[in-house]
Amino acid sequence: MNPTTGKMKPIPAGDQQGLVERLMKACGGAYSAETRRKYYITGPQWAAAYEGHALFHAPTRKPVTFEEVIRQYAEIGIGYWCTHDTDVIPADAIGTPRQDEILGRIKQSLQSHGLECSMVTTETFHHAVFAASPAAESPTVREYASSRLRNTVRIGHELGAKFAVYWPGSLGYQVQGAIDEVQVLERYAEGLNAACEEDIKVAKEKGRATLKHCMEAKPFEPAAQILLPSSDAMLALIFSGKLTHPEMVGLNPEYLHELMWGAAPRAALARALMCGKLWHFDINDGYPLKHDVDIGVGLVNPLDWLNVLVLLRSHNYNGPFNLDFKPPRTTSNWGVFSVSFPTAVDRFITMWEMAGEVMEDPVIREAQQALNAGGAVSEGADVVAITEATKELLTLHELIAHRLVQILFGQHRGRTFFDQKS
Ligand code: 3MF
Ligand code: MG
Ligand code: MG
C-alpha cells in the first residue's frame with residue numbers, strides 16, 4: 001500500500017515537530033547521552049552550523065552560534081567539539097584582541113557544558129585570499145597562509161586540543177600550465193613545517209604535548225585538479241623528505257573522500273594503519289564517483305561501514321571519530337539536533353558494537369582460523385596438489401561475507417522474516 005496516494009489532511013506547521021518527535025521515539029533504540037559520551041566522537045562546529053547552501057543551493061537553515069552548538073552537543077552526549085578558525089573568528093579578527101575575547105567565550109561555553117575541544121583546523125579554502133591556493137605563487141599569500149596555520153596551532157593549545165587537521169582544499173588548479181606542481185607541493189610542505197615549528201615552541205612554553213597534525217585528502221572539489229587527492233598521496237608527502245617533522249604529521253582520512261575516487265575505504269585505512277599514520281578519522285557516507293555529499297554515517301553503506309569498524313577495532317585505532325557530515329537541506333534547524341546528530345551517533349555506536357560481535361562470532365572465528373591453517377599437503381607437493389589442498393576451504397570467503405550480512409540484519413540473534421529451516 002502506498003501511503004502517499006489518497007487524500008491526506010495537511011499537517012499544521014505547529015504540529016510538525018511533535019510528529020517528528022513521536023516517530024523518532026517510535027524508531028526506538030536510542031542510546032543515552034551518558035553512553036554516547038563514552039565514545040571518542042567529535043562534533044564539528046561547521047557540521048552543525050551548515051546552513052544548506054552550495055553552488056546551486058540557497059541556505060535552508062538559519063545561522064547557529066558556537067554557544068548553541070556546544071550546548072546541543074552536550075545535551076545529545078557528543079563529548080568533544082572541533083572547529084575551523086574562521087567558523088568562530090571572522091577572518092578580519094584573526095590574531096586581534098577580538099580573537100582572545102572569542103576564545104574566552106568558547107572556553108567558558110565548553111567548560112560550562114562539560115565538553116572538550118578535540119581538534120582545530122585552519123580554513124585555507126573559502127576566503128578569496130586563497131583563490132590561488134594556500135601555496136600560491138605570491139610570497140605574501142603564502143606568508144599569510146603560514147601565519148594562519150601558526151595562529152591555529154596557538155588556538156589549539158589555548159583551547160586544549162590534541163589534534164590539528166589540514167584539508168588543503170584549493171591546492172590544485174582549474175586550468176593547467178600556470179603552476180609547477182613540484183614547486184607548489186614543496187611550498188605547501190613549508191607551511192606545514194612552519195605549523196610544526198610553532199607547535200614545538202608553544203607546547204614547550206605551555207608545558208603541553210605537541211599536537212598531532214593530520215592531513216586530510218579529497219579527490220575532487222573545490223579545484224578541478226587536486227595535487228594531493230588521496231590519503232596515499234598525503235603519505236607520499238609525509239615521507240617525501242620535505243617535512244622537517246614527519247613524526248608530527250599523520251592522517252585524517254575521510255570515509256567519503258576515499259570512496260569518492262573509487263577506493264575501498266578499508267584498504268585506504270589499512271595503508272594508513274600500516275604506516276602508523278591513522279590518527280584521526282572523519283566519518284560520514286556517500287557514493288563513489290560523485291561529489292562530496294557528506295551523508296550521515298551508515299545511511300548508504302552500512303555493510304562497508306561495519307567492515308571498516310571491524311578493521312579499526314582489530315588494529316586498536318583509538319583516535320577520534322569526527323562527525324564530518326552535512327545534515328541534509330531538508331532537515332530543519334531543530335531537526336539538526338533532534339534527528340541528524342543523535343541518529344548519526346547512534347548508528348555509529350550500533351555499528352561499533354556490531355563490529356565487536358563480528359570479532360567474537362564463533363562462525364567467523366572458526367572460518368578464519370581454518371583459512372589461516374590452510375590445507376594439508378605433503379612435502380614437495382606440486383602446484384596442482386597445493387591448489388587442491390585448499391579448494392574446499394576457500395568457500396569460507398563467501399560464507400564469512402554471508403555471516404557478516406546476517407550480523408548486520410540481526411539474524412545471528414534470531415531475527416527471522418519467515419520460516420527458518422533448521
Ligand atoms: C571538506 C572537508 C572539510 C575538512 C575540514 C577539516 C569542511 O570536504 O571534509 O570539512 O574535514 O576542513 O579540516
Ligand atoms: Mg566530505
Ligand atoms: Mg572532512
# chains A, B, ... in the order shown; residues from 1 in each chain; ligands from 1
>>> residues_around(residues="Gly95 in chain A", least_positions_apart="4", cutoff="9 Å", atoms="only C-alpha atoms", output="PDB file with all heavy atoms, in the first residue's frame")
ATOM      1  N   GLN A  99      39.964  38.035  18.793  1.00  0.00           N
ATOM      2  CA  GLN A  99      40.175  36.582  18.821  1.00  0.00           C
ATOM      3  C   GLN A  99      40.245  36.090  20.269  1.00  0.00           C
ATOM      4  O   GLN A  99      39.606  35.100  20.621  1.00  0.00           O
ATOM      5  CB  GLN A  99      41.460  36.224  18.062  1.00  0.00           C
ATOM      6  CG  GLN A  99      41.917  34.786  18.280  1.00  0.00           C
ATOM      7  CD  GLN A  99      43.049  34.362  17.353  1.00  0.00           C
ATOM      8  OE1 GLN A  99      42.979  34.546  16.141  1.00  0.00           O
ATOM      9  NE2 GLN A  99      44.103  33.797  17.924  1.00  0.00           N
ATOM     10  N   ASP A 100      41.021  36.809  21.106  1.00  0.00           N
ATOM     11  CA  ASP A 100      41.165  36.390  22.512  1.00  0.00           C
ATOM     12  C   ASP A 100      39.812  36.416  23.216  1.00  0.00           C
ATOM     13  O   ASP A 100      39.491  35.533  24.008  1.00  0.00           O
ATOM     14  CB  ASP A 100      42.133  37.319  23.256  1.00  0.00           C
ATOM     15  CG  ASP A 100      43.502  37.310  22.588  1.00  0.00           C
ATOM     16  OD1 ASP A 100      43.856  36.276  21.982  1.00  0.00           O
ATOM     17  OD2 ASP A 100      44.201  38.342  22.661  1.00  0.00           O
ATOM     18  N   ARG A 148      48.310  32.008   9.400  1.00  0.00           N
ATOM     19  CA  ARG A 148      47.028  31.419   9.807  1.00  0.00           C
ATOM     20  C   ARG A 148      47.244  30.036  10.439  1.00  0.00           C
ATOM     21  O   ARG A 148      46.618  29.690  11.437  1.00  0.00           O
ATOM     22  CB  ARG A 148      46.093  31.312   8.607  1.00  0.00           C
ATOM     23  CG  ARG A 148      45.462  32.639   8.197  1.00  0.00           C
ATOM     24  CD  ARG A 148      44.255  32.971   9.076  1.00  0.00           C
ATOM     25  NE  ARG A 148      43.216  31.993   8.894  1.00  0.00           N
ATOM     26  CZ  ARG A 148      42.290  32.018   7.929  1.00  0.00           C
ATOM     27  NH1 ARG A 148      42.277  33.034   7.085  1.00  0.00           N
ATOM     28  NH2 ARG A 148      41.389  31.084   7.833  1.00  0.00           N
ATOM     29  N   ASN A 151      48.767  30.503  13.812  1.00  0.00           N
ATOM     30  CA  ASN A 151      47.755  31.036  14.728  1.00  0.00           C
ATOM     31  C   ASN A 151      46.823  29.918  15.195  1.00  0.00           C
ATOM     32  O   ASN A 151      46.443  29.835  16.368  1.00  0.00           O
ATOM     33  CB  ASN A 151      46.963  32.149  14.022  1.00  0.00           C
ATOM     34  CG  ASN A 151      45.949  32.804  14.938  1.00  0.00           C
ATOM     35  OD1 ASN A 151      46.302  33.386  15.956  1.00  0.00           O
ATOM     36  ND2 ASN A 151      44.677  32.681  14.596  1.00  0.00           N
TER      37      ASN A 151
END
>>> residues_near_ligand(ligand="ligand 1", cutoff="6 Å", atoms="only C-alpha atoms and all ligand atoms", output="ChimeraX atom specification")
/A:121,165-167
>>> closest_residue(among="A:Lys212, A:His157, A:Arg347, A:Arg313", to="Asn301 in chain A", atoms="only C-alpha atoms")
A:Arg347
>>> atom_distance(atom1="CA of Ile41 in chain A", atom2="CA of Arg22 in chain A")
26.2 Å
>>> closest_atom_pairs(of="range 71-129 of chain A", to="range 328-346 of chain A", cutoff="9 Å", atoms="only C-alpha atoms", output="JSON lines")
{"residue": "A:Gln72", "atom": "CA", "partner": "A:Phe337", "partner_atom": "CA", "distance": 6.6}
{"residue": "A:Tyr73", "atom": "CA", "partner": "A:Phe337", "partner_atom": "CA", "distance": 7.9}
{"residue": "A:Ile76", "atom": "CA", "partner": "A:Pro342", "partner_atom": "CA", "distance": 6.2}
{"residue": "A:Gly77", "atom": "CA", "partner": "A:Pro342", "partner_atom": "CA", "distance": 8.4}
{"residue": "A:Ile78", "atom": "CA", "partner": "A:Val345", "partner_atom": "CA", "distance": 8.0}
>>> write_last_selection(atoms="all heavy atoms", output="short mmCIF file (atom, residue, chain, number, x, y, z; two decimals), in the first residue's frame")
data_model
loop_
_atom_site.label_atom_id
_atom_site.label_comp_id
_atom_site.auth_asym_id
_atom_site.auth_seq_id
_atom_site.Cartn_x
_atom_site.Cartn_y
_atom_site.Cartn_z
N GLN A 72 23.96 22.11 22.50
CA GLN A 72 23.20 20.98 21.93
C GLN A 72 24.02 19.69 21.92
O GLN A 72 23.49 18.61 22.18
CB GLN A 72 22.77 21.33 20.49
CG GLN A 72 21.80 22.49 20.41
CD GLN A 72 20.35 22.05 20.60
OE1 GLN A 72 20.06 20.92 20.98
NE2 GLN A 72 19.45 22.97 20.33
N TYR A 73 25.32 19.80 21.58
CA TYR A 73 26.18 18.61 21.61
C TYR A 73 26.19 18.00 23.01
O TYR A 73 26.14 16.78 23.18
CB TYR A 73 27.61 18.95 21.17
CG TYR A 73 27.82 19.05 19.66
CD1 TYR A 73 29.03 19.52 19.14
CD2 TYR A 73 26.83 18.68 18.75
CE1 TYR A 73 29.25 19.61 17.77
CE2 TYR A 73 27.04 18.77 17.39
CZ TYR A 73 28.26 19.24 16.90
OH TYR A 73 28.48 19.33 15.55
N ILE A 76 23.03 16.10 23.64
CA ILE A 76 22.97 14.83 22.88
C ILE A 76 23.92 13.80 23.49
O ILE A 76 23.64 12.59 23.50
CB ILE A 76 23.33 15.08 21.39
CG1 ILE A 76 22.25 15.94 20.72
CG2 ILE A 76 23.54 13.77 20.63
CD1 ILE A 76 22.66 16.51 19.37
N GLY A 77 25.07 14.29 24.00
CA GLY A 77 26.07 13.37 24.54
C GLY A 77 27.29 13.25 23.63
O GLY A 77 28.01 12.25 23.66
N ILE A 78 27.50 14.29 22.79
CA ILE A 78 28.72 14.35 21.99
C ILE A 78 29.75 15.08 22.86
O ILE A 78 29.56 16.25 23.19
CB ILE A 78 28.47 15.11 20.65
CG1 ILE A 78 27.45 14.32 19.82
CG2 ILE A 78 29.77 15.33 19.89
CD1 ILE A 78 26.94 15.06 18.60
#
>>> closest_residue(among="A:Ile94, A:Ala264, A:Ala47, A:Val88", to="ligand 2", atoms="only C-alpha atoms and all ligand atoms")
A:Ala47
>>> residues_around(residues="Thr210 in chain A", least_positions_apart="6", cutoff="9 Å", atoms="only C-alpha atoms", output="number ranges by chain")
A: 157, 162-163, 196, 199-204, 248
>>> closest_residue(among="A:Lys290, A:Lys62, A:His53, A:Lys326", to="ligand 3", atoms="only C-alpha atoms and all ligand atoms")
A:Lys326
>>> closest_atom_pairs(of="chain A", to="ligand 3", cutoff="9 Å", atoms="only C-alpha atoms and all ligand atoms", output="JSON lines")
{"residue": "A:Trp167", "atom": "CA", "partner": "ligand 3", "partner_atom_place_in_ligand_line": "1 (Mg)", "distance": 7.4}
{"residue": "A:Glu216", "atom": "CA", "partner": "ligand 3", "partner_atom_place_in_ligand_line": "1 (Mg)", "distance": 6.8}
{"residue": "A:Ala217", "atom": "CA", "partner": "ligand 3", "partner_atom_place_in_ligand_line": "1 (Mg)", "distance": 8.3}
{"residue": "A:Lys218", "atom": "CA", "partner": "ligand 3", "partner_atom_place_in_ligand_line": "1 (Mg)", "distance": 8.2}
{"residue": "A:Asn252", "atom": "CA", "partner": "ligand 3", "partner_atom_place_in_ligand_line": "1 (Mg)", "distance": 7.9}
{"residue": "A:Pro253", "atom": "CA", "partner": "ligand 3", "partner_atom_place_in_ligand_line": "1 (Mg)", "distance": 7.6}
{"residue": "A:Glu254", "atom": "CA", "partner": "ligand 3", "partner_atom_place_in_ligand_line": "1 (Mg)", "distance": 5.3}
{"residue": "A:Tyr255", "atom": "CA", "partner": "ligand 3", "partner_atom_place_in_ligand_line": "1 (Mg)", "distance": 8.4}
{"residue": "A:Leu256", "atom": "CA", "partner": "ligand 3", "partner_atom_place_in_ligand_line": "1 (Mg)", "distance": 8.5}
{"residue": "A:His257", "atom": "CA", "partner": "ligand 3", "partner_atom_place_in_ligand_line": "1 (Mg)", "distance": 7.7}
{"residue": "A:Phe281", "atom": "CA", "partner": "ligand 3", "partner_atom_place_in_ligand_line": "1 (Mg)", "distance": 8.3}
{"residue": "A:Asp282", "atom": "CA", "partner": "ligand 3", "partner_atom_place_in_ligand_line": "1 (Mg)", "distance": 5.4}
{"residue": "A:Ile283", "atom": "CA", "partner": "ligand 3", "partner_atom_place_in_ligand_line": "1 (Mg)", "distance": 7.9}
{"residue": "A:Asn284", "atom": "CA", "partner": "ligand 3", "partner_atom_place_in_ligand_line": "1 (Mg)", "distance": 8.7}
{"residue": "A:Asp294", "atom": "CA", "partner": "ligand 3", "partner_atom_place_in_ligand_line": "1 (Mg)", "distance": 8.5}
{"residue": "A:Asn322", "atom": "CA", "partner": "ligand 3", "partner_atom_place_in_ligand_line": "1 (Mg)", "distance": 8.2}
{"residue": "A:Leu323", "atom": "CA", "partner": "ligand 3", "partner_atom_place_in_ligand_line": "1 (Mg)", "distance": 8.5}
{"residue": "A:Asp324", "atom": "CA", "partner": "ligand 3", "partner_atom_place_in_ligand_line": "1 (Mg)", "distance": 5.3}
{"residue": "A:Phe325", "atom": "CA", "partner": "ligand 3", "partner_atom_place_in_ligand_line": "1 (Mg)", "distance": 7.8}
>>> select_by_dssp(residues="range 12-110 of chain A", states="strand (DSSP E)", output="ChimeraX atom specification")
/A:41-44,80-84
>>> write_last_selection(atoms="C-alpha atoms", output="compact mmCIF listing (two decimals), in the first residue's frame")
# COMPACT_ATOMS: atom_id res chain seq x y z
CA ILE A 41 33.03 11.01 18.97
CA THR A 42 33.75 14.59 17.98
CA GLY A 43 31.26 17.11 16.63
CA PRO A 44 32.43 19.83 14.26
CA TYR A 80 34.08 16.72 22.00
CA TRP A 81 33.88 19.76 19.75
CA CYS A 82 36.15 20.92 16.92
CA THR A 83 36.28 23.93 14.64
CA HIS A 84 37.92 25.80 11.79
>>> residues_around(residues="range 305-308 of chain A", least_positions_apart="2", cutoff="6 Å", atoms="only C-alpha atoms", output="list in words")
Arg266, Pro302, Leu303, Val310, Leu311, Met351 and Ala355 of chain A
>>> atom_distance(atom1="CA of Ser314 in chain A", atom2="CA of Leu115 in chain A")
28.4 Å
>>> select_by_dssp(residues="range 212-262 of chain A", states="helix (DSSP H, G or I)", output="number ranges by chain")
A: 231-238, 246-248, 255-260
>>> write_last_selection(atoms="C-alpha atoms", output="mmCIF file, in the first residue's frame")
data_model
loop_
_atom_site.group_PDB
_atom_site.id
_atom_site.type_symbol
_atom_site.label_atom_id
_atom_site.label_comp_id
_atom_site.auth_asym_id
_atom_site.auth_seq_id
_atom_site.Cartn_x
_atom_site.Cartn_y
_atom_site.Cartn_z
ATOM 1 C CA SER A 231 45.366 9.620 1.722
ATOM 2 C CA ASP A 232 48.073 7.733 -0.170
ATOM 3 C CA ALA A 233 49.188 10.997 -1.790
ATOM 4 C CA MET A 234 49.333 12.517 1.689
ATOM 5 C CA LEU A 235 51.521 9.622 2.847
ATOM 6 C CA ALA A 236 53.856 10.373 -0.052
ATOM 7 C CA LEU A 237 54.052 13.986 1.149
ATOM 8 C CA ILE A 238 54.723 12.898 4.739
ATOM 9 C CA PRO A 246 57.386 13.931 9.658
ATOM 10 C CA GLU A 247 56.912 12.240 13.041
ATOM 11 C CA MET A 248 54.440 15.002 13.987
ATOM 12 C CA TYR A 255 35.489 7.870 4.664
ATOM 13 C CA LEU A 256 33.651 9.501 1.760
ATOM 14 C CA HIS A 257 36.717 11.270 0.359
ATOM 15 C CA GLU A 258 38.316 7.859 -0.213
ATOM 16 C CA LEU A 259 35.112 6.324 -1.565
ATOM 17 C CA MET A 260 34.678 9.255 -3.968
#
>>> closest_residue(among="A:Ala381, A:Leu228, A:Pro219, A:Ala272", to="ligand 2", atoms="only C-alpha atoms and all ligand atoms")
A:Pro219
>>> decode(residues="range 314-337 of chain A", atoms="N, CA and C atoms", output="compact mmCIF listing (two decimals), in the first residue's frame")
# COMPACT_ATOMS: atom_id res chain seq x y z
N SER A 314 40.08 -4.15 15.19
CA SER A 314 41.10 -5.21 15.18
C SER A 314 42.51 -4.62 15.34
N HIS A 315 42.68 -3.38 14.87
CA HIS A 315 44.02 -2.77 14.94
C HIS A 315 44.10 -1.69 16.01
N ASN A 316 43.15 -1.74 16.95
CA ASN A 316 43.18 -0.87 18.13
C ASN A 316 43.27 0.62 17.81
N TYR A 317 42.58 1.06 16.75
CA TYR A 317 42.52 2.50 16.48
C TYR A 317 41.89 3.19 17.69
N ASN A 318 42.55 4.21 18.22
CA ASN A 318 41.96 4.87 19.40
C ASN A 318 41.84 6.38 19.24
N GLY A 319 41.84 6.85 17.99
CA GLY A 319 41.70 8.29 17.74
C GLY A 319 40.23 8.70 17.65
N PRO A 320 40.01 9.98 17.37
CA PRO A 320 38.63 10.48 17.29
C PRO A 320 37.87 9.98 16.07
N PHE A 321 36.56 9.90 16.23
CA PHE A 321 35.64 9.66 15.11
C PHE A 321 34.88 10.98 14.94
N ASN A 322 35.22 11.68 13.86
CA ASN A 322 34.71 13.04 13.70
C ASN A 322 33.50 13.07 12.76
N LEU A 323 32.40 13.55 13.28
CA LEU A 323 31.13 13.54 12.53
C LEU A 323 31.14 14.61 11.43
N ASP A 324 31.98 14.42 10.41
CA ASP A 324 32.08 15.42 9.34
C ASP A 324 31.05 15.11 8.25
N PHE A 325 29.79 15.31 8.59
CA PHE A 325 28.74 15.12 7.59
C PHE A 325 27.92 16.42 7.51
N LYS A 326 27.04 16.49 6.54
CA LYS A 326 26.20 17.67 6.43
C LYS A 326 24.74 17.26 6.59
N PRO A 327 24.09 17.71 7.64
CA PRO A 327 22.66 17.43 7.74
C PRO A 327 21.99 17.88 6.44
N PRO A 328 21.12 17.05 5.86
CA PRO A 328 20.54 17.39 4.56
C PRO A 328 19.78 18.72 4.59
N ARG A 329 19.65 19.32 3.44
CA ARG A 329 18.96 20.63 3.34
C ARG A 329 17.50 20.52 3.74
N THR A 330 16.97 19.30 3.68
CA THR A 330 15.55 19.10 4.02
C THR A 330 15.33 19.01 5.53
N THR A 331 16.43 19.01 6.28
CA THR A 331 16.30 18.94 7.74
C THR A 331 16.29 20.37 8.30
N SER A 332 15.42 20.62 9.26
CA SER A 332 15.28 21.98 9.81
C SER A 332 16.37 22.25 10.84
N ASN A 333 16.48 23.50 11.27
CA ASN A 333 17.42 23.84 12.36
C ASN A 333 17.18 22.95 13.57
N TRP A 334 15.91 22.79 13.89
CA TRP A 334 15.54 21.94 15.04
C TRP A 334 15.92 20.49 14.76
N GLY A 335 15.66 20.04 13.50
CA GLY A 335 15.95 18.65 13.13
C GLY A 335 17.42 18.30 13.19
N VAL A 336 18.30 19.30 12.98
CA VAL A 336 19.75 19.05 13.03
C VAL A 336 20.12 18.41 14.37
N PHE A 337 19.56 18.97 15.46
CA PHE A 337 19.94 18.47 16.78
C PHE A 337 18.98 17.41 17.32
